[in-house]
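Participant: Supplied in structure tokens, the structure appears directly below.
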Amino acid sequence: MLADALFFSAVLFAIGVVGVLTRRNAIIIFMSVELMLNAVNLTFVAFAQVYGYAGQVFVVFVMTVAAAEAAVGLAIIISIFRHRHTVNLTDINLLKG
Amino acid sequence: MSGGSVHQALSVAVSQAVPLPGSPAAVAPTFDLHIPSQLTLALGPDIVLFVGTTVLMLWAAWRPDSREHQSNVGRASLALVFVTMAAVVGYDLAHVTAGPGVIAVDAFRWASDLIFLAASAGTIALSIDYNAREGILAAESHVMVLFATSGMMLLAAGRDLMIIFLGIELMSVAVYILAGFNRRSARSAEGALKYFLLGAFSTGFLLYGIALIYGATGSTNLTVIGDRIHLYSLAGTPLVTVGVALILVGFAFKIAAVPFHMWAPDVYEGAPTPITGFMAAAVKAAAFAAFLRVWLEAFGDVVYQWHDAMWFLAILTMLAGNVVALVQRNIKRMLAYSSIAQAGYVLVGVVAGTTLGASAFLFFLAAYTLATLGAFAVIVALGDAGETQLDIGDYAGLWTTRPWLAAAMTACMLSLLGFPIFGGIGFLAKWYMLQAALEASYFGDAKPQVELAVMIVVTSVISAGYYLRLVTIMFMRPVRADGGAAGNAAPRAGHLTQWVVGVSVALLLALGLAPAYLVSWTAKSAPVIANRPTYLLPSSAIPPR
């Protein structure tokens with residue numbers, strides 16, 4: 001049971017990482033990051049079955065922080081959309097060198 | 001020079017240093033962190049800052065935006081930082097300690113706090129002038145700096161991965177906002193987006209690592225993790241190895257170590273200049289403080305698993321940061337690569353993993369923070385509305401038109417380079433770090449740190465190529481026909497900016513002439529490396545892998 005949950009969360013985490021590395025749309029990248037965080041939550045919950053409540057407390061913190069990050073991240077994405085009328089990272093390239 | 005005499009020389013240097021006021025008397029209060037009221041007391045300075053910040057946030061949002069309100073909130077924020085500093089110094093002088101628990105109450109925490117608070121005071125002072133010039137009216141920018149500083153203080157205090165995670169996020173989310181604070185600038189927004197996406201990505205790695213370590217040891221407390229890894233010989237088990245590797249990747253992103261640095265130059269270039277200084281100085285220092293504590297207190301026993309990875313990280317960071325900085329034309333970008341390179345030097349202190357390494361680490365961070373803050377203060381002082389004068393060619397002939405600023409910039413560059421006397425404590429910081437690297441090789445490990453010491457010297461020579469080029473341009477080239485920053489008479493630096501330039505450069509030079517106090521301060525503030533008896537023994541005592 002524990003092994004299944006860990007394997008499943010590792011797969012979810014890997015999907016999230018691949019999503020961040022291959023997709024170029026800022027929103028999709030952000031969704032992939034959220035997938036990674038939720039994979040971690042699953043790991044915490046699985047281990048909490050063995051070790052007690054500390055893992056579950058951690059999950060609550062992660063969800064809270066993820067919500068705060070989403071609020072700030074979407075605001076940043078809106079602000080870049082106002083400037084560039086796109087959220088595709090290949091077109092957002094003022095800074096380089 | 002043999003290992004023994006290096007150690008002796010340093011012990012003599014420390015013992016001859018100015019004695020600190022007060023002594024660790026037996027009457028110093030010890031907090032029992034399991035009692036909520038005592039935990040609250042142990043978090044005293046953090047609570048002062050956080051409550052004050054919340055009140056200021058309400059006040060900032062209460063009034064409509066105006067130039068005056070922006071400046072008033074900024075000055076109040078500055079006052080709050082100084083009050084918090086006083087509280088930190090008070091706790092430090094009282095020599096309070098604490099039993100086991102979620103936070104640490106030790107000199108390392110107070111020393112790191114003072115570095116962060118000094119950097120945030122400088123940032124707020126610069127922001128007040130900078131925001132007025134750029135027409136940024138939102139007073140919240142100063143409050144965001146304070147929120148980020150609260151997160152940093154949690155990072156310095158955290159002795160539990162949960163606290164460290166919250167500290168990193170409190171700091172990072174506030175800095176994402178700050179990076180994109182200039183809403184009229186597309187570059188600022190782009191920098192913020194890149195910072196946000198890569199920051200959140202790295203948080204994922206850090207968290208997954210924490211989850212695996214929790215799975216391996218059943219705890220998130222650093223001391224307990226260290227004890228259990230030691231007691232049950234967990235070093236080398238897959239969960240611990242992968243967990244440590246993922247946490248290392250997470251921290252490497254935060255400190256912008258090569259090859260996890262690609263966000264840093266873009267973000268540093270796009271962000272408003274005072275905020276760039278804040279990110280380069282305080283944010284990096286805070287991530288490093290938590291990094292060092294986690295590594296020394298929890299993962300000392302796992303040294304064979306992380307040592308080689310970290311060693312390569314330090315070498316790559318020193319080399320790539322310095323070499324790529326050579327070809328930069330934009331001064332903020334150049335300083336971004338310079339700060340990447342400096343992170344490599346600091347990493348040497350972490351790799352060394354000794355008490356001496358930890359005190360060299362603090363000394364280096366103090367020197368680096370002052371020099372970085374001073375350099376960015378000069379850039380703010382010379383900047384024009386819209387951030388136009390940022391090519392290093394714009395600084396041609398600065399010595400003839402603004403000699404004081406040119407001299408200040410020179411002192412900061414020489415300090416980052418590690419030049420004696422004129423570079424203030426920069427030279428001593430590198431010397432101290434070299435000592436730590438050389439001595440660490442006698443504490444037994446596969447890779448002698450002598451190679452790291454050689455790398456510090458070689459890359460310092462490379463770094464002269466860009467630090468000294470800026471100095472040459474300021475002193476030896478004539479003012480350009482179109483003026484540049486040097487010929488631009490209009491932007492006189494504001495009083496607060498002048499103060500930041502003056503104080504940081506004065507401290508750099510003064511501490512360079514009388515470093516004894518700083519040496520004794522950092523030597524006593526090195527974190528206690530707990531539960532690591534094997535690690536501190538000579539190599540012969542360590543059993544083979």
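Following the order of the structure tokens, first chain is A, next is B, and so on, with residues numbered from 1 inside each chain and ligands from 1 in the order they appear.
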As a list in words, please: the residues near Leu507 in chain B (cut-off 12 Å, only C-alpha atoms, same-chain neighbours under 4 positions excluded).
Facilitator: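 My list of contacting residues is Ala118, Ala366, Ala367, Tyr368, Thr369, Leu370, Ala371, Leu373, Gly374, Ala408, Ala411, Cys412, Ser415, Gly423, Gly424, Ile425, Gly426, Trp499, Val500, Val501, Gly502, Val503, Leu511, Gly512, Leu513, Ala514, Pro515 and Leu518 of chain B.
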Participant: Compute the chain A side of the contact with chain B at 8 Å, counting only C-alpha atoms, and hand it back as a ChimeraX atom specification.
Facilitator: /A:20,26,29-30,33,36-37,40,43-44,47,51,54-55,58,61,65,68-69,72-73,76-77,79-80,83-84,92-97
Participant: Name the residues of range 107-290 of chain B that fall into alpha helix (DSSP H) according to DSSP on the backbone, using the chain letters and numbers of this document, as a PyMOL selection string.
Facilitator: chain B and resi 107-134+140-157+161-179+186-217+222-231+238-254+263-270+273-278+284-290
Participant: What separation in Å, quoted to one decimal, exists between CA of Ile47 in chain B and CA of Ser77 in chain B?
Facilitator: 14.9 Å
Participant: Between CA of Val346 in chain B and CA of Ser359 in chain B, what is the distance in Å, rounded to a tenth?
Facilitator: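 A separation of 10.9 Å between them.
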Participant: So what do you get for CA of Thr354 in chain B versus CA of Ser463 in chain B, distance-wise?
Facilitator: 26.9 Å
Participant: Please provide the set of residues having any atom within 8 Å of Ala5 in chain A, restricted to only C-alpha atoms, with same-chain residues fewer than 2 positions apart removed, written as a count of residues only.
Facilitator: 9
Participant: Taking the DSSP secondary structure from the backbone, can you list the residues of range 71-289 of chain B that are strand (DSSP E or B), as a list in words?
Facilitator: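 So the strand (DSSP E or B) residues in range 71-289 of chain B would be Thr97, Ala98, Ile103, Gly158, Asp160 and Asn221 of chain B.
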Participant: If we count only C-alpha atoms and set the cut-off at 9 Å, which residues sit around Met433 in chain B, ignoring sequence neighbours fewer than 4 positions away in its own chain? Please answer as a list of chain:residue names.
Facilitator: B:Tyr345, B:Val346, B:Val348, B:Gly349, B:Leu356, B:Gly357, B:Ser359, B:Ala360, B:Phe361, B:Phe363, B:Phe364, B:Leu428, B:Ala429, B:Ala437, B:Leu438, B:Ala453, B:Ile456
